[in-house]
$ cat data-v1.txt   # compact mmCIF, C-alpha atoms
# COMPACT_ATOMS: atom_id res chain seq x y z
CA MET B 1194 -70.51 26.81 -6.43
CA THR B 1195 -67.94 27.80 -9.04
CA PHE B 1196 -65.87 24.70 -8.26
CA LEU B 1197 -68.92 22.44 -8.77
CA PHE B 1198 -69.74 24.20 -12.03
CA TYR B 1199 -66.29 23.41 -13.40
CA ILE B 1200 -66.63 19.75 -12.42
CA PHE B 1201 -70.07 19.41 -14.07
CA ALA B 1202 -68.95 21.32 -17.16
CA ALA B 1203 -65.92 19.03 -17.45
CA ILE B 1204 -68.19 15.95 -17.16
CA ALA B 1205 -70.49 17.30 -19.90
CA VAL B 1206 -67.64 18.23 -22.26
CA ILE B 1207 -65.62 15.03 -21.70
CA GLY B 1208 -68.79 12.99 -22.30
CA GLY B 1209 -69.36 14.93 -25.52
CA ILE B 1210 -65.81 14.28 -26.71
CA GLY B 1211 -66.29 10.60 -25.83
CA VAL B 1212 -69.32 10.40 -28.16
CA VAL B 1213 -67.18 11.59 -31.07
CA VAL B 1214 -63.97 9.60 -30.45
CA TYR B 1215 -65.22 6.15 -29.30
CA LYS B 1216 -65.23 3.66 -32.18
CA ASN B 1217 -67.87 1.44 -30.56
CA PRO B 1218 -71.42 2.92 -30.76
CA VAL B 1219 -72.33 1.40 -27.36
CA SER B 1220 -69.43 3.29 -25.70
CA SER B 1221 -70.56 6.43 -27.54
CA ALA B 1222 -74.06 6.01 -26.12
CA PHE B 1223 -72.73 5.65 -22.56
CA ALA B 1224 -70.49 8.72 -23.00
CA MET B 1225 -73.62 10.55 -24.16
CA ILE B 1226 -75.48 9.57 -20.97
CA LEU B 1227 -72.53 10.91 -18.93
CA SER B 1228 -72.69 14.17 -20.89
CA PHE B 1229 -76.43 14.52 -20.28
CA LEU B 1230 -76.00 13.90 -16.54
CA GLY B 1231 -73.39 16.69 -16.39
CA LEU B 1232 -75.75 19.00 -18.29
CA ALA B 1233 -78.63 18.15 -15.95
CA ALA B 1234 -76.44 19.04 -12.96
CA ILE B 1235 -75.67 22.44 -14.54
CA PHE B 1236 -79.41 23.01 -15.11
CA ILE B 1237 -80.10 22.28 -11.44
CA GLN B 1238 -77.28 24.67 -10.51
CA LEU B 1239 -79.20 27.32 -12.47
CA ASP B 1240 -82.28 26.66 -10.26
CA ALA B 1241 -84.11 24.97 -13.16
CA TYR B 1242 -85.12 21.87 -11.20
CA LEU B 1243 -87.96 20.69 -13.46
CA VAL B 1244 -85.85 21.01 -16.59
CA GLY B 1245 -82.89 19.24 -14.95
CA ILE B 1246 -85.07 16.30 -13.94
CA LEU B 1247 -86.67 16.23 -17.41
CA GLN B 1248 -83.21 16.14 -18.96
CA ILE B 1249 -82.35 13.03 -16.93
CA LEU B 1250 -85.75 11.33 -17.38
CA VAL B 1251 -86.31 12.01 -21.06
CA TYR B 1252 -82.81 12.30 -22.52
CA ALA B 1253 -80.62 10.08 -20.33
CA GLY B 1254 -83.52 7.72 -19.66
CA ALA B 1255 -85.92 7.34 -22.57
CA ILE B 1256 -83.98 8.58 -25.60
CA MET B 1257 -80.66 6.91 -24.77
CA VAL B 1258 -82.40 3.61 -23.94
CA LEU B 1259 -84.02 3.81 -27.39
CA PHE B 1260 -80.61 4.40 -28.98
CA LEU B 1261 -79.01 1.50 -27.08
CA PHE B 1262 -81.95 -0.74 -28.00
CA ILE B 1263 -81.55 0.05 -31.71
CA ILE B 1264 -77.74 -0.35 -31.56
CA MET B 1265 -78.10 -3.79 -29.97
CA LEU B 1266 -81.02 -4.78 -32.24
CA MET B 1267 -78.98 -4.06 -35.36
CA ASP B 1268 -75.81 -5.53 -33.84
CA VAL B 1269 -73.70 -2.61 -35.07
CA LYS B 1270 -70.04 -3.60 -35.29
CA GLU B 1271 -67.14 -1.45 -34.21
CA GLU B 1272 -65.80 0.68 -37.02
CA GLU B 1273 -62.54 -1.27 -36.96
CA GLY B 1274 -59.66 -0.02 -39.06
CA LYS B 1275 -61.78 2.78 -40.40
CA THR B 1276 -59.92 5.99 -39.71
CA PHE B 1277 -61.44 9.39 -40.28
CA LYS B 1278 -61.06 10.65 -43.84
CA PHE B 1279 -58.51 13.41 -44.30
CA GLY B 1280 -61.01 15.78 -45.94
CA ALA B 1281 -63.51 15.23 -43.13
CA ILE B 1282 -60.86 16.02 -40.48
CA VAL B 1283 -59.79 19.23 -42.23
CA GLY B 1284 -63.43 20.29 -42.64
CA ALA B 1285 -64.27 19.52 -39.02
CA VAL B 1286 -61.21 21.37 -37.68
CA LEU B 1287 -61.98 24.41 -39.85
CA VAL B 1288 -65.68 24.56 -38.97
CA VAL B 1289 -65.26 23.83 -35.27
CA GLY B 1290 -62.19 26.08 -34.89
CA GLY B 1291 -63.95 28.92 -36.68
CA PHE B 1292 -67.07 28.48 -34.58
CA THR B 1293 -65.16 28.36 -31.27
CA GLY B 1294 -63.04 31.37 -32.28
CA ALA B 1295 -66.13 33.41 -33.17
CA LEU B 1296 -67.76 32.33 -29.89
CA VAL B 1297 -64.77 33.41 -27.78
CA LYS B 1298 -64.59 36.75 -29.60
CA VAL B 1299 -68.29 37.44 -29.09
CA LEU B 1300 -68.17 36.44 -25.42
CA MET B 1301 -65.07 38.58 -24.76
CA GLU B 1302 -66.72 41.67 -26.25
CA SER B 1303 -70.26 41.26 -24.92
CA LYS B 1304 -71.28 43.43 -21.98
CA ILE B 1305 -74.17 41.32 -20.68
CA GLY B 1306 -71.87 38.29 -20.50
CA ASN B 1307 -70.19 39.57 -17.33
CA GLU B 1308 -73.41 39.59 -15.29
CA THR B 1309 -73.37 37.41 -12.21
CA ILE B 1310 -76.35 35.20 -11.26
CA PRO B 1311 -79.14 37.45 -9.88
CA ALA B 1312 -80.64 36.48 -6.54
CA LEU B 1313 -84.05 34.78 -6.43
CA ALA B 1314 -86.92 36.20 -4.36
CA GLU B 1315 -87.45 34.51 -0.99
CA GLY B 1316 -90.57 32.34 -0.72
CA GLY B 1317 -91.46 32.67 -4.43
CA LYS B 1318 -93.44 30.06 -6.36
CA SER B 1319 -91.50 26.96 -7.40
CA ASP B 1320 -90.35 26.64 -10.99
CA VAL B 1321 -92.71 23.70 -11.57
CA HIS B 1322 -95.63 25.93 -10.52
CA GLU B 1323 -94.54 28.80 -12.78
CA ILE B 1324 -93.87 26.61 -15.84
CA GLY B 1325 -97.15 24.75 -15.36
CA GLU B 1326 -99.07 28.01 -15.18
CA LEU B 1327 -97.37 29.34 -18.33
CA LEU B 1328 -97.96 26.07 -20.22
CA PHE B 1329 -101.69 26.11 -19.59
CA SER B 1330 -102.28 29.85 -20.04
CA THR B 1331 -99.95 31.68 -22.45
CA TYR B 1332 -98.75 28.55 -24.26
CA TRP B 1333 -102.04 26.61 -24.40
CA PHE B 1334 -101.98 26.43 -28.20
CA PRO B 1335 -98.39 25.14 -28.66
CA ILE B 1336 -99.02 22.38 -26.14
CA GLN B 1337 -102.05 21.19 -28.17
CA ILE B 1338 -99.87 21.18 -31.29
CA ILE B 1339 -97.21 19.16 -29.41
CA GLY B 1340 -99.92 16.61 -28.53
CA VAL B 1341 -100.86 16.27 -32.22
CA LEU B 1342 -97.16 16.02 -33.13
CA LEU B 1343 -96.63 13.15 -30.70
CA LEU B 1344 -99.67 11.33 -32.16
CA VAL B 1345 -98.36 11.82 -35.72
CA ALA B 1346 -94.91 10.59 -34.65
CA THR B 1347 -96.41 7.46 -33.07
CA VAL B 1348 -98.45 6.64 -36.17
CA GLY B 1349 -95.46 7.38 -38.41
CA VAL B 1350 -93.14 5.11 -36.44
CA ILE B 1351 -95.64 2.23 -36.56
CA LEU B 1352 -96.02 2.70 -40.31
CA LEU B 1353 -92.25 2.93 -40.88
CA SER B 1354 -91.39 -0.15 -38.86
CA ARG B 1355 -93.78 -2.52 -40.66
CA LYS B 1356 -92.12 -5.39 -42.49
CA GLU B 1357 -92.85 -4.24 -46.03
CA LEU B 1358 -93.25 -0.56 -46.84
CA LYS B 1359 -96.12 0.15 -49.25
CA MET V 272 -60.11 32.53 -4.38
CA GLU V 273 -63.65 32.14 -5.75
CA THR V 274 -64.66 33.89 -8.92
CA GLU V 275 -68.38 34.48 -9.40
CA LEU V 276 -70.10 32.52 -12.15
CA THR V 277 -71.09 34.74 -15.06
CA LEU V 278 -73.32 34.24 -18.09
CA ASN V 279 -70.15 33.78 -20.16
CA HIS V 280 -69.26 30.56 -18.33
CA PHE V 281 -72.54 28.90 -19.25
CA LEU V 282 -72.59 30.22 -22.82
CA PHE V 283 -69.03 29.00 -23.37
CA VAL V 284 -69.83 25.46 -22.18
CA SER V 285 -72.94 25.52 -24.37
CA GLY V 286 -70.96 26.65 -27.42
CA LEU V 287 -68.24 24.08 -26.76
CA LEU V 288 -70.78 21.23 -26.59
CA PHE V 289 -72.40 22.49 -29.80
CA ALA V 290 -68.99 22.54 -31.53
CA ILE V 291 -68.24 18.98 -30.34
CA GLY V 292 -71.61 17.80 -31.67
CA LEU V 293 -70.94 19.53 -35.00
CA ALA V 294 -67.49 17.88 -35.22
CA GLY V 295 -69.15 14.50 -34.56
CA VAL V 296 -71.70 15.05 -37.35
CA LEU V 297 -68.90 15.96 -39.78
CA LEU V 298 -66.43 13.22 -38.74
CA ARG V 299 -68.42 10.08 -37.95
CA ARG V 300 -69.62 7.68 -40.63
CA ASN V 301 -72.13 5.70 -38.56
CA LEU V 302 -75.71 7.01 -38.93
CA ILE V 303 -76.65 6.23 -35.31
CA VAL V 304 -73.64 8.10 -33.91
CA ILE V 305 -74.36 11.06 -36.22
CA PHE V 306 -77.89 11.07 -34.81
CA MET V 307 -76.53 11.06 -31.22
CA CYS V 308 -74.31 14.03 -32.07
CA LEU V 309 -77.40 15.88 -33.34
CA GLU V 310 -79.02 15.28 -29.94
CA LEU V 311 -75.87 16.65 -28.28
CA MET V 312 -76.22 19.86 -30.33
CA LEU V 313 -79.89 20.18 -29.26
CA SER V 314 -78.87 19.78 -25.61
CA ALA V 315 -76.19 22.45 -26.00
CA ALA V 316 -78.86 24.86 -27.24
CA ASN V 317 -80.96 23.89 -24.19
CA LEU V 318 -78.14 25.01 -21.88
CA SER V 319 -78.13 28.46 -23.51
CA LEU V 320 -81.90 28.73 -23.03
CA VAL V 321 -81.74 27.84 -19.33
CA ALA V 322 -78.82 30.21 -18.76
CA PHE V 323 -80.61 33.14 -20.43
CA SER V 324 -83.81 32.30 -18.55
CA ARG V 325 -81.98 32.36 -15.19
CA PHE V 326 -79.96 35.51 -15.86
CA ASN V 327 -83.03 37.43 -17.10
CA THR V 328 -84.44 37.64 -13.56
CA THR V 329 -86.81 40.48 -12.73
CA ASP V 330 -87.83 41.06 -9.08
CA GLY V 331 -86.30 37.72 -8.10
CA VAL V 332 -88.38 35.72 -10.62
CA PRO V 333 -86.54 34.18 -13.60
CA ASN V 334 -88.05 34.57 -17.06
CA TYR V 335 -89.67 31.14 -17.41
CA ASP V 336 -90.47 31.52 -21.14
CA GLY V 337 -87.05 30.05 -21.96
CA GLN V 338 -87.72 26.99 -19.84
CA VAL V 339 -91.14 26.49 -21.46
CA LEU V 340 -89.44 26.57 -24.88
CA LEU V 341 -86.98 23.99 -23.58
CA PHE V 342 -89.90 21.79 -22.52
CA PHE V 343 -91.16 21.91 -26.11
CA ILE V 344 -87.67 21.23 -27.50
CA ILE V 345 -87.34 18.08 -25.34
CA THR V 346 -90.76 16.83 -26.54
CA VAL V 347 -89.97 17.48 -30.20
CA ALA V 348 -86.53 15.85 -29.78
CA ALA V 349 -88.17 12.72 -28.36
CA ALA V 350 -90.57 12.52 -31.33
CA GLU V 351 -87.69 13.19 -33.73
CA VAL V 352 -85.55 10.41 -32.25
CA ALA V 353 -88.42 7.92 -32.50
CA VAL V 354 -89.09 8.71 -36.18
CA GLY V 355 -85.39 8.97 -37.08
CA LEU V 356 -84.52 5.62 -35.52
CA ALA V 357 -87.49 4.00 -37.29
CA ILE V 358 -86.13 5.33 -40.60
CA ILE V 359 -82.65 3.99 -39.74
CA VAL V 360 -84.15 0.57 -38.94
CA ALA V 361 -86.05 0.59 -42.26
CA LEU V 362 -82.81 1.53 -44.05
CA PHE V 363 -80.95 -1.26 -42.25
CA ARG V 364 -83.62 -3.76 -43.32
CA SER V 365 -83.26 -2.91 -47.00
CA ARG V 366 -79.49 -2.20 -47.17
CA GLU V 367 -77.94 -4.08 -44.21
CA THR V 368 -75.80 -1.07 -43.37
CA THR V 369 -75.73 2.00 -41.13
CA ASP V 370 -72.66 3.56 -42.74
CA VAL V 371 -73.36 6.83 -44.55
CA SER V 372 -70.71 6.16 -47.19
CA ASP V 373 -72.68 3.07 -48.31
CA VAL V 374 -75.89 5.06 -48.83
CA THR V 375 -75.12 7.14 -51.89
CA SER V 376 -77.89 6.29 -54.37
CA MET V 377 -79.25 9.85 -54.12
CA LYS V 378 -75.83 11.27 -54.99
CA GLY V 379 -75.93 12.94 -58.41
$ encode --input "data-v1.txt" --output "structure tokens"
Amino acid sequence: MTFLFYIFAAIAVIGGIGVVVYKNPVSSAFAMILSFLGLAAIFIQLDAYLVGILQILVYAGAIMVLFLFIIMLMDVKEEEGKTFKFGAIVGAVLVVGGFTGALVKVLMESKIGNETIPALAEGGKSDVHEIGELLFSTYWFPIQIIGVLLLVATVGVILLSRKELK
Amino acid sequence: METELTLNHFLFVSGLLFAIGLAGVLLRRNLIVIFMCLELMLSAANLSLVAFSRFNTTDGVPNYDGQVLLFFIITVAAAEVAVGLAIIVALFRSRETTDVSDVTSMKG
């Protein structure tokens, strides 16, 4: 269990690093898919089956296909010869180093962080059942709003991608 | 020797992915790659939500509120990607570029 977690975490993190360091956007997109697959495996390890499958279907499937489609449609060239600007590197190292340092400090000092995974009840309802029930009872209003949001996004995308913007 | 997985393990991976995404947003010049790094940061936040949901188990039932929130985040992210990419395509049509350092007309 622990061994598998380290493998999946390594896949997710290496994929993430790949997104940042690859010069070619297509390679970045594939590294991103690798990262999402690692994340989905960690979700499933946390007994969140529905969310893990959604991560693969929606992120690794739909969203990344959309990205690849746009990259190939626009024929984006490799950023050849372009090295990172010095100021950007210093800024990134400072921000990321500071963030990681703060994270390690908080995690070292937190008491709840040392909890181990609690056991699940035998023969309980599946997570799909529980999430479905919550979505259509407690969260009935947000899901209506999400429906409207998706409609607005669809109309907006059609309007934005017309030949001449008015 | 097997050490038990703790909440810290998951939160650390989540924070690390968030930091990598942030570094990508700060370092890269290509708009599409910057957008992918934003998605990476969203996913990192998702990992925190699932971890907290699983570790907040009462009577053997995880707290599913976190996973419902994640469901909403995934939906909003999908809508955001669609609109964002449409804007990038519109920008590419008018400027023939996806490099952020070429799009500076709003710079004071």
$ closest_atom_pairs --input "data-v1.txt" --of "chain V" --to "chain B" --cutoff "6 Å" --atoms "all atoms listed in the file" --output "JSON lines"
{"residue": "V:Leu276", "atom": "CA", "partner": "B:Thr1309", "partner_atom": "CA", "distance": 5.9}
{"residue": "V:Thr277", "atom": "CA", "partner": "B:Thr1309", "partner_atom": "CA", "distance": 4.5}
{"residue": "V:Leu278", "atom": "CA", "partner": "B:Gly1306", "partner_atom": "CA", "distance": 4.9}
{"residue": "V:Asn279", "atom": "CA", "partner": "B:Gly1306", "partner_atom": "CA", "distance": 4.8}
{"residue": "V:Ala290", "atom": "CA", "partner": "B:Val1289", "partner_atom": "CA", "distance": 5.4}
{"residue": "V:Ala294", "atom": "CA", "partner": "B:Ala1285", "partner_atom": "CA", "distance": 5.2}
{"residue": "V:Gly295", "atom": "CA", "partner": "B:Val1213", "partner_atom": "CA", "distance": 5.0}
{"residue": "V:Leu297", "atom": "CA", "partner": "B:Ala1285", "partner_atom": "CA", "distance": 5.9}
{"residue": "V:Leu298", "atom": "CA", "partner": "B:Ala1281", "partner_atom": "CA", "distance": 5.6}
{"residue": "V:Phe326", "atom": "CA", "partner": "B:Ile1310", "partner_atom": "CA", "distance": 5.9}
{"residue": "V:Gly331", "atom": "CA", "partner": "B:Leu1313", "partner_atom": "CA", "distance": 4.1}
{"residue": "V:Ala350", "atom": "CA", "partner": "B:Ala1346", "partner_atom": "CA", "distance": 5.8}
{"residue": "V:Val354", "atom": "CA", "partner": "B:Val1350", "partner_atom": "CA", "distance": 5.4}
{"residue": "V:Ala357", "atom": "CA", "partner": "B:Val1350", "partner_atom": "CA", "distance": 5.8}
$ residues_around --input "data-v1.txt" --residues "region 300-309 of chain V" --least-positions-apart "4" --cutoff "6 Å" --atoms "all atoms listed in the file" --output "list in words"
Gly292, Gly295, Val296, Thr369, Asp370 and Val371 of chain V
$ atom_distance --input "data-v1.txt" --atom1 "CA of Gly337 (chain V)" --atom2 "CA of Phe281 (chain V)"
14.8 Å
$ atom_distance --input "data-v1.txt" --atom1 "CA of Leu1250 (chain B)" --atom2 "CA of Ile345 (chain V)"
10.6 Å
$ atom_distance --input "data-v1.txt" --atom1 "CA of Ile1204 (chain B)" --atom2 "CA of Ile1226 (chain B)"
10.4 Å
$ axis_aligned_box --input "data-v1.txt" --around "region 1239-1251 of chain B" --padding-each-side "3 Å" --output "AutoDock Vina command-line options"
--center_x -83.6 --center_y 19.3 --center_z -15.7 --size_x 14.8 --size_y 22.0 --size_z 16.8
$ closest_residue --input "data-v1.txt" --among "B:Phe1262, B:Gly1316, B:Phe1329, B:Asp1268" --to "Val332 (chain V)" --atoms "only C-alpha atoms"
B:Gly1316
$ closest_residue --input "data-v1.txt" --among "B:Val1258, B:Ile1338, B:Ala1295, B:Leu1227" --to "Leu311 (chain V)" --atoms "all atoms listed in the file"
B:Leu1227
$ decode --input "data-v1.txt" --residues "region 1220-1341 of chain B" --atoms "C-alpha atoms" --output "PDB file, in the first residue's frame"
ATOM      1  CA  SER B1220       5.262  16.725 -24.868  1.00  0.00           C
ATOM      2  CA  SER B1221       3.997  18.942 -22.046  1.00  0.00           C
ATOM      3  CA  ALA B1222       0.441  17.783 -22.727  1.00  0.00           C
ATOM      4  CA  PHE B1223       1.461  14.109 -22.614  1.00  0.00           C
ATOM      5  CA  ALA B1224       3.410  14.663 -19.372  1.00  0.00           C
ATOM      6  CA  MET B1225       0.228  16.255 -18.008  1.00  0.00           C
ATOM      7  CA  ILE B1226      -1.811  13.147 -18.903  1.00  0.00           C
ATOM      8  CA  LEU B1227       0.788  11.008 -17.065  1.00  0.00           C
ATOM      9  CA  SER B1228       0.479  13.287 -14.030  1.00  0.00           C
ATOM     10  CA  PHE B1229      -3.325  13.018 -14.048  1.00  0.00           C
ATOM     11  CA  LEU B1230      -3.174   9.217 -14.285  1.00  0.00           C
ATOM     12  CA  GLY B1231      -0.892   9.128 -11.218  1.00  0.00           C
ATOM     13  CA  LEU B1232      -3.290  11.426  -9.355  1.00  0.00           C
ATOM     14  CA  ALA B1233      -6.277   9.269 -10.311  1.00  0.00           C
ATOM     15  CA  ALA B1234      -4.477   6.211  -8.924  1.00  0.00           C
ATOM     16  CA  ILE B1235      -3.917   8.040  -5.619  1.00  0.00           C
ATOM     17  CA  PHE B1236      -7.628   8.969  -5.516  1.00  0.00           C
ATOM     18  CA  ILE B1237      -8.570   5.318  -5.990  1.00  0.00           C
ATOM     19  CA  GLN B1238      -6.111   4.392  -3.233  1.00  0.00           C
ATOM     20  CA  LEU B1239      -8.101   6.757  -0.996  1.00  0.00           C
ATOM     21  CA  ASP B1240     -11.286   4.756  -1.794  1.00  0.00           C
ATOM     22  CA  ALA B1241     -12.663   7.619  -3.924  1.00  0.00           C
ATOM     23  CA  TYR B1242     -13.524   5.450  -6.933  1.00  0.00           C
ATOM     24  CA  LEU B1243     -16.006   7.813  -8.614  1.00  0.00           C
ATOM     25  CA  VAL B1244     -13.659  10.777  -8.342  1.00  0.00           C
ATOM     26  CA  GLY B1245     -10.702   8.737  -9.619  1.00  0.00           C
ATOM     27  CA  ILE B1246     -12.648   7.618 -12.684  1.00  0.00           C
ATOM     28  CA  LEU B1247     -13.909  11.192 -13.238  1.00  0.00           C
ATOM     29  CA  GLN B1248     -10.321  12.435 -13.078  1.00  0.00           C
ATOM     30  CA  ILE B1249      -9.343  10.046 -15.879  1.00  0.00           C
ATOM     31  CA  LEU B1250     -12.489  10.601 -17.984  1.00  0.00           C
ATOM     32  CA  VAL B1251     -12.780  14.370 -17.694  1.00  0.00           C
ATOM     33  CA  TYR B1252      -9.201  15.556 -17.147  1.00  0.00           C
ATOM     34  CA  ALA B1253      -7.009  12.983 -18.906  1.00  0.00           C
ATOM     35  CA  GLY B1254      -9.707  12.327 -21.509  1.00  0.00           C
ATOM     36  CA  ALA B1255     -11.772  15.379 -22.407  1.00  0.00           C
ATOM     37  CA  ILE B1256      -9.696  18.338 -21.230  1.00  0.00           C
ATOM     38  CA  MET B1257      -6.316  17.086 -22.450  1.00  0.00           C
ATOM     39  CA  VAL B1258      -7.775  16.084 -25.836  1.00  0.00           C
ATOM     40  CA  LEU B1259      -9.082  19.650 -26.119  1.00  0.00           C
ATOM     41  CA  PHE B1260      -5.612  21.005 -25.295  1.00  0.00           C
ATOM     42  CA  LEU B1261      -3.906  18.705 -27.824  1.00  0.00           C
ATOM     43  CA  PHE B1262      -6.502  19.641 -30.444  1.00  0.00           C
ATOM     44  CA  ILE B1263      -5.844  23.362 -29.950  1.00  0.00           C
ATOM     45  CA  ILE B1264      -2.042  22.863 -29.911  1.00  0.00           C
ATOM     46  CA  MET B1265      -2.198  20.977 -33.211  1.00  0.00           C
ATOM     47  CA  LEU B1266      -4.775  23.373 -34.712  1.00  0.00           C
ATOM     48  CA  MET B1267      -2.547  26.370 -34.053  1.00  0.00           C
ATOM     49  CA  ASP B1268       0.606  24.461 -35.020  1.00  0.00           C
ATOM     50  CA  VAL B1269       2.515  25.791 -32.001  1.00  0.00           C
ATOM     51  CA  LYS B1270       6.254  25.607 -32.598  1.00  0.00           C
ATOM     52  CA  GLU B1271       8.808  24.509 -30.052  1.00  0.00           C
ATOM     53  CA  GLU B1272      10.182  27.396 -28.047  1.00  0.00           C
ATOM     54  CA  GLU B1273      13.606  26.878 -29.609  1.00  0.00           C
ATOM     55  CA  GLY B1274      16.524  28.836 -28.233  1.00  0.00           C
ATOM     56  CA  LYS B1275      14.256  30.621 -25.819  1.00  0.00           C
ATOM     57  CA  THR B1276      15.708  30.096 -22.373  1.00  0.00           C
ATOM     58  CA  PHE B1277      13.905  31.118 -19.225  1.00  0.00           C
ATOM     59  CA  LYS B1278      14.480  34.736 -18.254  1.00  0.00           C
ATOM     60  CA  PHE B1279      16.765  35.258 -15.281  1.00  0.00           C
ATOM     61  CA  GLY B1280      14.202  37.318 -13.356  1.00  0.00           C
ATOM     62  CA  ALA B1281      11.521  34.688 -13.925  1.00  0.00           C
ATOM     63  CA  ILE B1282      13.818  31.914 -12.623  1.00  0.00           C
ATOM     64  CA  VAL B1283      14.709  33.880  -9.474  1.00  0.00           C
ATOM     65  CA  GLY B1284      11.032  34.685  -8.872  1.00  0.00           C
ATOM     66  CA  ALA B1285       9.946  31.094  -9.401  1.00  0.00           C
ATOM     67  CA  VAL B1286      12.665  29.687  -7.113  1.00  0.00           C
ATOM     68  CA  LEU B1287      11.791  32.201  -4.377  1.00  0.00           C
ATOM     69  CA  VAL B1288       8.028  31.653  -4.563  1.00  0.00           C
ATOM     70  CA  VAL B1289       8.173  27.875  -4.912  1.00  0.00           C
ATOM     71  CA  GLY B1290      10.945  27.466  -2.314  1.00  0.00           C
ATOM     72  CA  GLY B1291       9.083  29.665   0.146  1.00  0.00           C
ATOM     73  CA  PHE B1292       5.845  27.793  -0.455  1.00  0.00           C
ATOM     74  CA  THR B1293       7.433  24.347  -0.064  1.00  0.00           C
ATOM     75  CA  GLY B1294       9.321  25.469   3.056  1.00  0.00           C
ATOM     76  CA  ALA B1295       6.130  26.802   4.656  1.00  0.00           C
ATOM     77  CA  LEU B1296       4.322  23.575   3.697  1.00  0.00           C
ATOM     78  CA  VAL B1297       6.986  21.344   5.283  1.00  0.00           C
ATOM     79  CA  LYS B1298       6.985  23.464   8.451  1.00  0.00           C
ATOM     80  CA  VAL B1299       3.198  23.331   8.767  1.00  0.00           C
ATOM     81  CA  LEU B1300       3.087  19.577   8.113  1.00  0.00           C
ATOM     82  CA  MET B1301       5.871  18.879  10.635  1.00  0.00           C
ATOM     83  CA  GLU B1302       4.065  20.791  13.378  1.00  0.00           C
ATOM     84  CA  SER B1303       0.472  19.727  12.698  1.00  0.00           C
ATOM     85  CA  LYS B1304      -1.037  17.111  14.991  1.00  0.00           C
ATOM     86  CA  ILE B1305      -3.797  15.856  12.701  1.00  0.00           C
ATOM     87  CA  GLY B1306      -1.228  15.188   9.970  1.00  0.00           C
ATOM     88  CA  ASN B1307       0.011  12.034  11.705  1.00  0.00           C
ATOM     89  CA  GLU B1308      -3.365  10.273  11.548  1.00  0.00           C
ATOM     90  CA  THR B1309      -3.391   7.007   9.663  1.00  0.00           C
ATOM     91  CA  ILE B1310      -6.198   6.092   7.235  1.00  0.00           C
ATOM     92  CA  PRO B1311      -9.326   5.174   9.268  1.00  0.00           C
ATOM     93  CA  ALA B1312     -11.021   1.889   8.437  1.00  0.00           C
ATOM     94  CA  LEU B1313     -14.231   1.897   6.384  1.00  0.00           C
ATOM     95  CA  ALA B1314     -17.413   0.222   7.655  1.00  0.00           C
ATOM     96  CA  GLU B1315     -18.079  -3.247   6.225  1.00  0.00           C
ATOM     97  CA  GLY B1316     -20.970  -3.463   3.757  1.00  0.00           C
ATOM     98  CA  GLY B1317     -21.536   0.315   3.654  1.00  0.00           C
ATOM     99  CA  LYS B1318     -23.050   2.142   0.681  1.00  0.00           C
ATOM    100  CA  SER B1319     -20.719   2.709  -2.270  1.00  0.00           C
ATOM    101  CA  ASP B1320     -19.211   6.141  -2.767  1.00  0.00           C
ATOM    102  CA  VAL B1321     -21.191   6.630  -5.995  1.00  0.00           C
ATOM    103  CA  HIS B1322     -24.410   6.039  -4.020  1.00  0.00           C
ATOM    104  CA  GLU B1323     -23.422   8.475  -1.257  1.00  0.00           C
ATOM    105  CA  ILE B1324     -22.246  11.238  -3.620  1.00  0.00           C
ATOM    106  CA  GLY B1325     -25.345  10.859  -5.780  1.00  0.00           C
ATOM    107  CA  GLU B1326     -27.598  11.151  -2.753  1.00  0.00           C
ATOM    108  CA  LEU B1327     -25.760  14.267  -1.527  1.00  0.00           C
ATOM    109  CA  LEU B1328     -25.834  15.876  -4.993  1.00  0.00           C
ATOM    110  CA  PHE B1329     -29.597  15.563  -5.315  1.00  0.00           C
ATOM    111  CA  SER B1330     -30.517  16.419  -1.712  1.00  0.00           C
ATOM    112  CA  THR B1331     -28.176  18.796   0.136  1.00  0.00           C
ATOM    113  CA  TYR B1332     -26.500  20.184  -2.980  1.00  0.00           C
ATOM    114  CA  TRP B1333     -29.541  20.407  -5.281  1.00  0.00           C
ATOM    115  CA  PHE B1334     -29.119  24.154  -5.793  1.00  0.00           C
ATOM    116  CA  PRO B1335     -25.385  24.185  -6.705  1.00  0.00           C
ATOM    117  CA  ILE B1336     -25.957  21.467  -9.291  1.00  0.00           C
ATOM    118  CA  GLN B1337     -28.646  23.614 -10.982  1.00  0.00           C
ATOM    119  CA  ILE B1338     -26.200  26.534 -11.026  1.00  0.00           C
ATOM    120  CA  ILE B1339     -23.537  24.248 -12.569  1.00  0.00           C
ATOM    121  CA  GLY B1340     -26.036  23.355 -15.308  1.00  0.00           C
ATOM    122  CA  VAL B1341     -26.589  27.056 -16.079  1.00  0.00           C
TER     123      VAL B1341
END
